[in-house]
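What follows is a set of notes on a single structure, which appears directly below.
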Amino acid sequence: MGVFDIFKRVRYYSPMTQVVLVGLVCFLCPGMYNALNGMGGGGQVDRTTGNNANTALYSTFIVFGIAGGSIVNLCGVRWTIAISGLTYALYSGSYIYLNHTGSGSFTIAAGALLGIGAGIMWAAQGMIMVSYPREEEKGRYIAVFWIIFNLGGMLGGVLPFAINFHSDSNSLSDGVYIAFVILECLGAALGLALAPPSKVVRDDGTSVVMVKYTNAAKEAVEIVKLFLNPTMLALLPMCFTSNFFYSYQFGPVNASIFNIRT
């Protein structure tokens, strides 16, 4: 079977196609963010602004990580993912402003906005991953998504290495930040290519069933119910440990031990 024959068999409205598209969005947006932050302080010599921006980011992320599901339910996945993707580009672009002015206020504000966008984007991603595949397919779909997503961090790490290979500078140049902004804008635009959930059809011919709330008050009630669910509460320690290490790995470890090229 040739390559073109494989592409002919791909259905745009299939759950796997949609999961691959979401994976590519996260490859280009959160993946690039992980690469940028993984250098410590957003690639700056002085980590203060980057640390403050991340504090602002996770402060809003806490709120919109909870409320994000309601926003996605009310607004749909395409526009919420696309607009959220732009907050990643804004965050990366804010470091260009920092390079030229030395003022970290814009970067910190961009971090707060990114926390809003990230909370909404990951809520939309979770909704797609849980509701699109059949129960026996979820493990494979989740694996495909995480492979694509984490390749973004790898590519994002190669970019500054290649651009700064012959540079002795300890902070990223404008060119690297511009490359990140362009890739993240592409990721945001790719979010618009997602199909509406109502049009997604599984391989067995069944449609995706979505519970859609059209009332903000109803959404608030459903969120409160989550925190009364023992199963949900049992997941909180794992959620904590899965992200806690970022604060010291990206900053004190990576920024202190390695330079931009390494």
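Residues are named by chain letter and number: chains run A, B, ... in the order of the structure tokens, numbers start at 1 in each chain, and ligands are numbered from 1 in the order shown.
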Give one line per residue of stretch 9-50 of chain A that approaches stretch 197-209 of chain A to at most 12 Å, naming the two atoms of the closest pair and their distance in Å to one decimal, counting only C-alpha atoms; sort by chain then ascending residue number and deliver it as JSON lines.
```
{"residue": "A:Arg9", "atom": "CA", "partner": "A:Asp203", "partner_atom": "CA", "distance": 11.7}
{"residue": "A:Val10", "atom": "CA", "partner": "A:Asp203", "partner_atom": "CA", "distance": 11.0}
{"residue": "A:Arg11", "atom": "CA", "partner": "A:Val201", "partner_atom": "CA", "distance": 9.3}
{"residue": "A:Tyr12", "atom": "CA", "partner": "A:Val200", "partner_atom": "CA", "distance": 8.5}
{"residue": "A:Tyr13", "atom": "CA", "partner": "A:Val200", "partner_atom": "CA", "distance": 4.7}
{"residue": "A:Ser14", "atom": "CA", "partner": "A:Val201", "partner_atom": "CA", "distance": 5.5}
{"residue": "A:Pro15", "atom": "CA", "partner": "A:Arg202", "partner_atom": "CA", "distance": 6.0}
{"residue": "A:Met16", "atom": "CA", "partner": "A:Arg202", "partner_atom": "CA", "distance": 8.7}
{"residue": "A:Thr17", "atom": "CA", "partner": "A:Val200", "partner_atom": "CA", "distance": 9.6}
{"residue": "A:Gln18", "atom": "CA", "partner": "A:Val200", "partner_atom": "CA", "distance": 8.3}
{"residue": "A:Val19", "atom": "CA", "partner": "A:Val200", "partner_atom": "CA", "distance": 11.0}
```
Writing out the chosen residues with N, CA, C and O atoms as an mmCIF file, in the first residue's frame:
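Dumped to part.cif:
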```
data_model
loop_
_atom_site.group_PDB
_atom_site.id
_atom_site.type_symbol
_atom_site.label_atom_id
_atom_site.label_comp_id
_atom_site.auth_asym_id
_atom_site.auth_seq_id
_atom_site.Cartn_x
_atom_site.Cartn_y
_atom_site.Cartn_z
ATOM 1 N N ARG A 9 -7.443 6.707 2.875
ATOM 2 C CA ARG A 9 -8.246 5.977 3.856
ATOM 3 C C ARG A 9 -8.498 6.792 5.120
ATOM 4 O O ARG A 9 -9.295 6.390 5.973
ATOM 5 N N VAL A 10 -7.822 7.915 5.262
ATOM 6 C CA VAL A 10 -7.981 8.749 6.459
ATOM 7 C C VAL A 10 -9.301 9.511 6.371
ATOM 8 O O VAL A 10 -9.571 10.194 5.380
ATOM 9 N N ARG A 11 -10.108 9.379 7.391
ATOM 10 C CA ARG A 11 -11.377 10.110 7.447
ATOM 11 C C ARG A 11 -11.200 11.358 8.314
ATOM 12 O O ARG A 11 -10.758 11.259 9.453
ATOM 13 N N TYR A 12 -11.550 12.500 7.772
ATOM 14 C CA TYR A 12 -11.414 13.748 8.520
ATOM 15 C C TYR A 12 -12.249 13.726 9.788
ATOM 16 O O TYR A 12 -11.823 14.224 10.836
ATOM 17 N N TYR A 13 -13.448 13.143 9.718
ATOM 18 C CA TYR A 13 -14.362 13.158 10.861
ATOM 19 C C TYR A 13 -14.170 11.961 11.799
ATOM 20 O O TYR A 13 -14.997 11.730 12.668
ATOM 21 N N SER A 14 -13.094 11.211 11.621
ATOM 22 C CA SER A 14 -12.848 10.086 12.528
ATOM 23 C C SER A 14 -12.226 10.587 13.827
ATOM 24 O O SER A 14 -11.513 11.603 13.836
ATOM 25 N N PRO A 15 -12.450 9.897 14.927
ATOM 26 C CA PRO A 15 -11.852 10.308 16.208
ATOM 27 C C PRO A 15 -10.326 10.362 16.162
ATOM 28 O O PRO A 15 -9.724 11.270 16.726
ATOM 29 N N MET A 16 -9.679 9.411 15.467
ATOM 30 C CA MET A 16 -8.218 9.405 15.427
ATOM 31 C C MET A 16 -7.677 10.642 14.717
ATOM 32 O O MET A 16 -6.688 11.244 15.159
ATOM 33 N N THR A 17 -8.318 11.042 13.615
ATOM 34 C CA THR A 17 -7.883 12.249 12.911
ATOM 35 C C THR A 17 -7.981 13.465 13.821
ATOM 36 O O THR A 17 -7.075 14.312 13.860
ATOM 37 N N GLN A 18 -9.064 13.551 14.575
ATOM 38 C CA GLN A 18 -9.249 14.686 15.472
ATOM 39 C C GLN A 18 -8.232 14.677 16.618
ATOM 40 O O GLN A 18 -7.720 15.718 17.021
ATOM 41 N N VAL A 19 -7.918 13.485 17.123
ATOM 42 C CA VAL A 19 -6.922 13.372 18.190
ATOM 43 C C VAL A 19 -5.535 13.759 17.668
ATOM 44 O O VAL A 19 -4.760 14.436 18.366
#
```
Please provide the set of residues having any atom within 10 Å of stretch 79-83 of chain A, restricted to only C-alpha atoms, with same-chain residues fewer than 2 positions apart removed, written as a VMD selection string.
-> chain A and resid 22 25 to 26 68 71 to 77 85 to 88 117 to 118 120 to 125 185 to 194
Just write the chosen residues, N, CA and C atoms, as an mmCIF file, in the first residue's frame.
```
data_model
loop_
_atom_site.group_PDB
_atom_site.id
_atom_site.type_symbol
_atom_site.label_atom_id
_atom_site.label_comp_id
_atom_site.auth_asym_id
_atom_site.auth_seq_id
_atom_site.Cartn_x
_atom_site.Cartn_y
_atom_site.Cartn_z
ATOM 1 N N VAL A 22 -5.452 17.534 17.488
ATOM 2 C CA VAL A 22 -5.251 18.108 18.828
ATOM 3 C C VAL A 22 -3.804 17.899 19.274
ATOM 4 N N VAL A 25 -1.740 20.521 17.633
ATOM 5 C CA VAL A 25 -1.931 21.821 18.288
ATOM 6 C C VAL A 25 -1.079 21.896 19.549
ATOM 7 N N CYS A 26 -1.114 20.826 20.352
ATOM 8 C CA CYS A 26 -0.326 20.816 21.591
ATOM 9 C C CYS A 26 1.166 20.662 21.302
ATOM 10 N N GLY A 68 -12.429 25.700 33.046
ATOM 11 C CA GLY A 68 -12.226 25.518 31.615
ATOM 12 C C GLY A 68 -13.226 24.586 30.966
ATOM 13 N N ILE A 71 -16.366 26.402 30.163
ATOM 14 C CA ILE A 71 -16.189 27.326 29.035
ATOM 15 C C ILE A 71 -16.212 26.557 27.719
ATOM 16 N N VAL A 72 -15.554 25.395 27.693
ATOM 17 C CA VAL A 72 -15.549 24.577 26.472
ATOM 18 C C VAL A 72 -16.954 24.073 26.164
ATOM 19 N N ASN A 73 -17.675 23.660 27.186
ATOM 20 C CA ASN A 73 -19.050 23.199 26.975
ATOM 21 C C ASN A 73 -19.924 24.284 26.370
ATOM 22 N N LEU A 74 -19.722 25.507 26.817
ATOM 23 C CA LEU A 74 -20.570 26.610 26.362
ATOM 24 C C LEU A 74 -20.132 27.160 25.006
ATOM 25 N N CYS A 75 -18.818 27.117 24.724
ATOM 26 C CA CYS A 75 -18.288 27.787 23.517
ATOM 27 C C CYS A 75 -17.821 26.829 22.431
ATOM 28 N N GLY A 76 -17.662 25.548 22.735
ATOM 29 C CA GLY A 76 -17.193 24.602 21.736
ATOM 30 C C GLY A 76 -15.678 24.491 21.723
ATOM 31 N N VAL A 77 -15.173 23.440 21.052
ATOM 32 C CA VAL A 77 -13.744 23.148 21.116
ATOM 33 C C VAL A 77 -12.907 23.966 20.130
ATOM 34 N N GLY A 85 -4.570 28.968 22.062
ATOM 35 C CA GLY A 85 -3.253 28.829 21.451
ATOM 36 C C GLY A 85 -2.544 30.152 21.276
ATOM 37 N N LEU A 86 -3.311 31.209 21.031
ATOM 38 C CA LEU A 86 -2.705 32.532 20.854
ATOM 39 C C LEU A 86 -2.072 33.049 22.141
ATOM 40 N N THR A 87 -2.552 32.600 23.293
ATOM 41 C CA THR A 87 -1.956 33.049 24.552
ATOM 42 C C THR A 87 -0.544 32.496 24.712
ATOM 43 N N TYR A 88 -0.262 31.329 24.116
ATOM 44 C CA TYR A 88 1.101 30.795 24.132
ATOM 45 C C TYR A 88 2.027 31.670 23.295
ATOM 46 N N GLY A 117 -5.543 30.690 29.157
ATOM 47 C CA GLY A 117 -5.602 29.929 27.914
ATOM 48 C C GLY A 117 -5.254 28.463 28.099
ATOM 49 N N ALA A 118 -4.230 28.187 28.904
ATOM 50 C CA ALA A 118 -3.800 26.802 29.118
ATOM 51 C C ALA A 118 -4.879 25.998 29.839
ATOM 52 N N ILE A 120 -8.079 26.417 29.714
ATOM 53 C CA ILE A 120 -9.161 26.136 28.765
ATOM 54 C C ILE A 120 -8.724 25.113 27.725
ATOM 55 N N MET A 121 -7.485 25.266 27.204
ATOM 56 C CA MET A 121 -7.019 24.338 26.171
ATOM 57 C C MET A 121 -6.940 22.909 26.687
ATOM 58 N N TRP A 122 -6.386 22.726 27.880
ATOM 59 C CA TRP A 122 -6.256 21.368 28.395
ATOM 60 C C TRP A 122 -7.607 20.768 28.768
ATOM 61 N N ALA A 123 -8.569 21.614 29.126
ATOM 62 C CA ALA A 123 -9.919 21.107 29.362
ATOM 63 C C ALA A 123 -10.522 20.597 28.058
ATOM 64 N N ALA A 124 -10.316 21.346 26.973
ATOM 65 C CA ALA A 124 -10.827 20.928 25.663
ATOM 66 C C ALA A 124 -10.130 19.648 25.199
ATOM 67 N N GLN A 125 -8.814 19.599 25.404
ATOM 68 C CA GLN A 125 -8.072 18.399 25.024
ATOM 69 C C GLN A 125 -8.574 17.184 25.793
ATOM 70 N N CYS A 185 1.562 30.353 16.717
ATOM 71 C CA CYS A 185 0.452 30.906 15.930
ATOM 72 C C CYS A 185 -0.079 29.861 14.950
ATOM 73 N N LEU A 186 0.816 29.072 14.368
ATOM 74 C CA LEU A 186 0.389 27.977 13.488
ATOM 75 C C LEU A 186 -0.462 26.970 14.264
ATOM 76 N N GLY A 187 -0.043 26.681 15.491
ATOM 77 C CA GLY A 187 -0.816 25.765 16.328
ATOM 78 C C GLY A 187 -2.197 26.297 16.633
ATOM 79 N N ALA A 188 -2.282 27.603 16.931
ATOM 80 C CA ALA A 188 -3.585 28.212 17.193
ATOM 81 C C ALA A 188 -4.481 28.135 15.959
ATOM 82 N N ALA A 189 -3.913 28.415 14.782
ATOM 83 C CA ALA A 189 -4.692 28.349 13.540
ATOM 84 C C ALA A 189 -5.156 26.925 13.264
ATOM 85 N N LEU A 190 -4.321 25.951 13.625
ATOM 86 C CA LEU A 190 -4.679 24.551 13.395
ATOM 87 C C LEU A 190 -5.884 24.136 14.234
ATOM 88 N N GLY A 191 -6.089 24.818 15.358
ATOM 89 C CA GLY A 191 -7.259 24.525 16.179
ATOM 90 C C GLY A 191 -8.561 24.737 15.438
ATOM 91 N N LEU A 192 -8.559 25.655 14.467
ATOM 92 C CA LEU A 192 -9.763 25.923 13.683
ATOM 93 C C LEU A 192 -10.072 24.791 12.710
ATOM 94 N N ALA A 193 -9.092 23.900 12.486
ATOM 95 C CA ALA A 193 -9.315 22.764 11.580
ATOM 96 C C ALA A 193 -10.068 21.623 12.260
ATOM 97 N N LEU A 194 -10.243 21.713 13.577
ATOM 98 C CA LEU A 194 -10.969 20.660 14.293
ATOM 99 C C LEU A 194 -12.431 20.627 13.869
#
```
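Summary of the local environment: counting only C-alpha atoms, residues at most 12 Å from stretch 231-243 of chain A, other than itself and those fewer than 5 positions away along its chain, are Asn34, Tyr58, Ile62, Gly65, Ile223, Val224, Lys225, Leu226, Tyr248, Gln249 and Phe250 of chain A.
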With N, CA and C atoms retained, export the selected residues as a PDB file, in the first residue's frame.
```pdb
ATOM      1  N   ASN A  34       6.876  24.291  26.788  1.00  0.00           N
ATOM      2  CA  ASN A  34       7.723  23.436  27.627  1.00  0.00           C
ATOM      3  C   ASN A  34       9.193  23.574  27.241  1.00  0.00           C
ATOM      4  N   TYR A  58       0.400  30.009  36.856  1.00  0.00           N
ATOM      5  CA  TYR A  58      -0.241  28.916  37.589  1.00  0.00           C
ATOM      6  C   TYR A  58      -1.323  29.417  38.546  1.00  0.00           C
ATOM      7  N   ILE A  62      -4.959  27.582  37.954  1.00  0.00           N
ATOM      8  CA  ILE A  62      -5.744  26.890  38.985  1.00  0.00           C
ATOM      9  C   ILE A  62      -7.228  27.158  38.794  1.00  0.00           C
ATOM     10  N   GLY A  65      -8.328  26.012  35.083  1.00  0.00           N
ATOM     11  CA  GLY A  65      -8.281  24.574  34.939  1.00  0.00           C
ATOM     12  C   GLY A  65      -9.567  23.941  35.443  1.00  0.00           C
ATOM     13  N   ILE A 223     -19.619  21.731  38.464  1.00  0.00           N
ATOM     14  CA  ILE A 223     -18.240  21.848  38.965  1.00  0.00           C
ATOM     15  C   ILE A 223     -18.192  21.553  40.462  1.00  0.00           C
ATOM     16  N   VAL A 224     -19.137  22.099  41.213  1.00  0.00           N
ATOM     17  CA  VAL A 224     -19.195  21.853  42.651  1.00  0.00           C
ATOM     18  C   VAL A 224     -19.373  20.359  42.930  1.00  0.00           C
ATOM     19  N   LYS A 225     -20.182  19.686  42.115  1.00  0.00           N
ATOM     20  CA  LYS A 225     -20.416  18.255  42.297  1.00  0.00           C
ATOM     21  C   LYS A 225     -19.130  17.452  42.136  1.00  0.00           C
ATOM     22  N   LEU A 226     -18.234  17.930  41.271  1.00  0.00           N
ATOM     23  CA  LEU A 226     -16.973  17.225  41.071  1.00  0.00           C
ATOM     24  C   LEU A 226     -16.165  17.119  42.357  1.00  0.00           C
ATOM     25  N   TYR A 248      11.127  23.354  40.053  1.00  0.00           N
ATOM     26  CA  TYR A 248      12.562  23.294  40.341  1.00  0.00           C
ATOM     27  C   TYR A 248      13.366  22.710  39.178  1.00  0.00           C
ATOM     28  N   GLN A 249      12.770  21.850  38.364  1.00  0.00           N
ATOM     29  CA  GLN A 249      13.517  21.289  37.237  1.00  0.00           C
ATOM     30  C   GLN A 249      13.800  22.351  36.183  1.00  0.00           C
ATOM     31  N   PHE A 250      12.771  23.158  35.832  1.00  0.00           N
ATOM     32  CA  PHE A 250      12.944  24.173  34.799  1.00  0.00           C
ATOM     33  C   PHE A 250      13.812  25.336  35.265  1.00  0.00           C
TER      34      PHE A 250
END
```
Using only C-alpha atoms, determine which residues lie at most 10 Å from A:Asn150, disregarding the query and same-chain residues fewer than 5 positions distant; provide the list as an MDAnalysis selection string.
-> chainID A and resid 23 26:28 30:32 34:35 145 155:156
Dump N, CA, C and O atoms for the selected residues as a PDB file, in the first residue's frame?
```
ATOM      1  N   GLY A  23      -3.246  16.735  18.962  1.00  0.00           N
ATOM      2  CA  GLY A  23      -1.853  16.478  19.294  1.00  0.00           C
ATOM      3  C   GLY A  23      -0.919  17.460  18.607  1.00  0.00           C
ATOM      4  O   GLY A  23       0.042  17.944  19.214  1.00  0.00           O
ATOM      5  N   CYS A  26      -1.114  20.826  20.352  1.00  0.00           N
ATOM      6  CA  CYS A  26      -0.326  20.816  21.591  1.00  0.00           C
ATOM      7  C   CYS A  26       1.166  20.662  21.302  1.00  0.00           C
ATOM      8  O   CYS A  26       2.005  21.125  22.090  1.00  0.00           O
ATOM      9  N   PHE A  27       1.516  20.014  20.210  1.00  0.00           N
ATOM     10  CA  PHE A  27       2.903  19.964  19.742  1.00  0.00           C
ATOM     11  C   PHE A  27       3.437  21.371  19.521  1.00  0.00           C
ATOM     12  O   PHE A  27       4.566  21.698  19.902  1.00  0.00           O
ATOM     13  N   LEU A  28       2.613  22.231  18.913  1.00  0.00           N
ATOM     14  CA  LEU A  28       3.052  23.567  18.531  1.00  0.00           C
ATOM     15  C   LEU A  28       2.845  24.626  19.616  1.00  0.00           C
ATOM     16  O   LEU A  28       3.494  25.666  19.577  1.00  0.00           O
ATOM     17  N   PRO A  30       1.610  24.102  23.719  1.00  0.00           N
ATOM     18  CA  PRO A  30       2.229  23.707  24.990  1.00  0.00           C
ATOM     19  C   PRO A  30       3.606  23.066  24.817  1.00  0.00           C
ATOM     20  O   PRO A  30       4.477  23.204  25.677  1.00  0.00           O
ATOM     21  N   GLY A  31       3.822  22.352  23.682  1.00  0.00           N
ATOM     22  CA  GLY A  31       5.127  21.734  23.453  1.00  0.00           C
ATOM     23  C   GLY A  31       6.235  22.769  23.351  1.00  0.00           C
ATOM     24  O   GLY A  31       7.320  22.608  23.919  1.00  0.00           O
ATOM     25  N   MET A  32       5.957  23.859  22.624  1.00  0.00           N
ATOM     26  CA  MET A  32       6.944  24.925  22.503  1.00  0.00           C
ATOM     27  C   MET A  32       7.126  25.659  23.836  1.00  0.00           C
ATOM     28  O   MET A  32       8.240  26.080  24.189  1.00  0.00           O
ATOM     29  N   ASN A  34       6.876  24.291  26.788  1.00  0.00           N
ATOM     30  CA  ASN A  34       7.723  23.436  27.627  1.00  0.00           C
ATOM     31  C   ASN A  34       9.193  23.574  27.241  1.00  0.00           C
ATOM     32  O   ASN A  34      10.084  23.588  28.098  1.00  0.00           O
ATOM     33  N   ALA A  35       9.447  23.668  25.933  1.00  0.00           N
ATOM     34  CA  ALA A  35      10.828  23.822  25.479  1.00  0.00           C
ATOM     35  C   ALA A  35      11.412  25.154  25.943  1.00  0.00           C
ATOM     36  O   ALA A  35      12.562  25.218  26.392  1.00  0.00           O
ATOM     37  N   PHE A 145      -1.596  10.733  21.226  1.00  0.00           N
ATOM     38  CA  PHE A 145      -1.566  12.155  21.557  1.00  0.00           C
ATOM     39  C   PHE A 145      -0.277  12.534  22.271  1.00  0.00           C
ATOM     40  O   PHE A 145       0.391  13.510  21.914  1.00  0.00           O
ATOM     41  N   LEU A 155      11.446  19.176  19.520  1.00  0.00           N
ATOM     42  CA  LEU A 155      11.735  20.116  18.442  1.00  0.00           C
ATOM     43  C   LEU A 155      12.040  21.506  18.999  1.00  0.00           C
ATOM     44  O   LEU A 155      12.963  22.181  18.540  1.00  0.00           O
ATOM     45  N   GLY A 156      11.268  21.909  20.012  1.00  0.00           N
ATOM     46  CA  GLY A 156      11.501  23.214  20.622  1.00  0.00           C
ATOM     47  C   GLY A 156      12.862  23.311  21.277  1.00  0.00           C
ATOM     48  O   GLY A 156      13.447  24.397  21.353  1.00  0.00           O
TER      49      GLY A 156
END
```
For atom CA of A:Met39 and atom CA of A:Thr60, the interatomic separation in Å (one decimal) | 22.5 Å
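For the residues A:Leu36, A:Ala217, A:Leu98, A:Val144, ranking by smallest atom-to-atom distance to A:Ala179 using only C-alpha atoms places A:Leu36 first.
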Compare A:Tyr91, A:Glu136, A:Gly126, A:Val20 by their minimum atom-to-atom distance to A:Gly104, counting only C-alpha atoms, and give me the closest one.
-> A:Tyr91
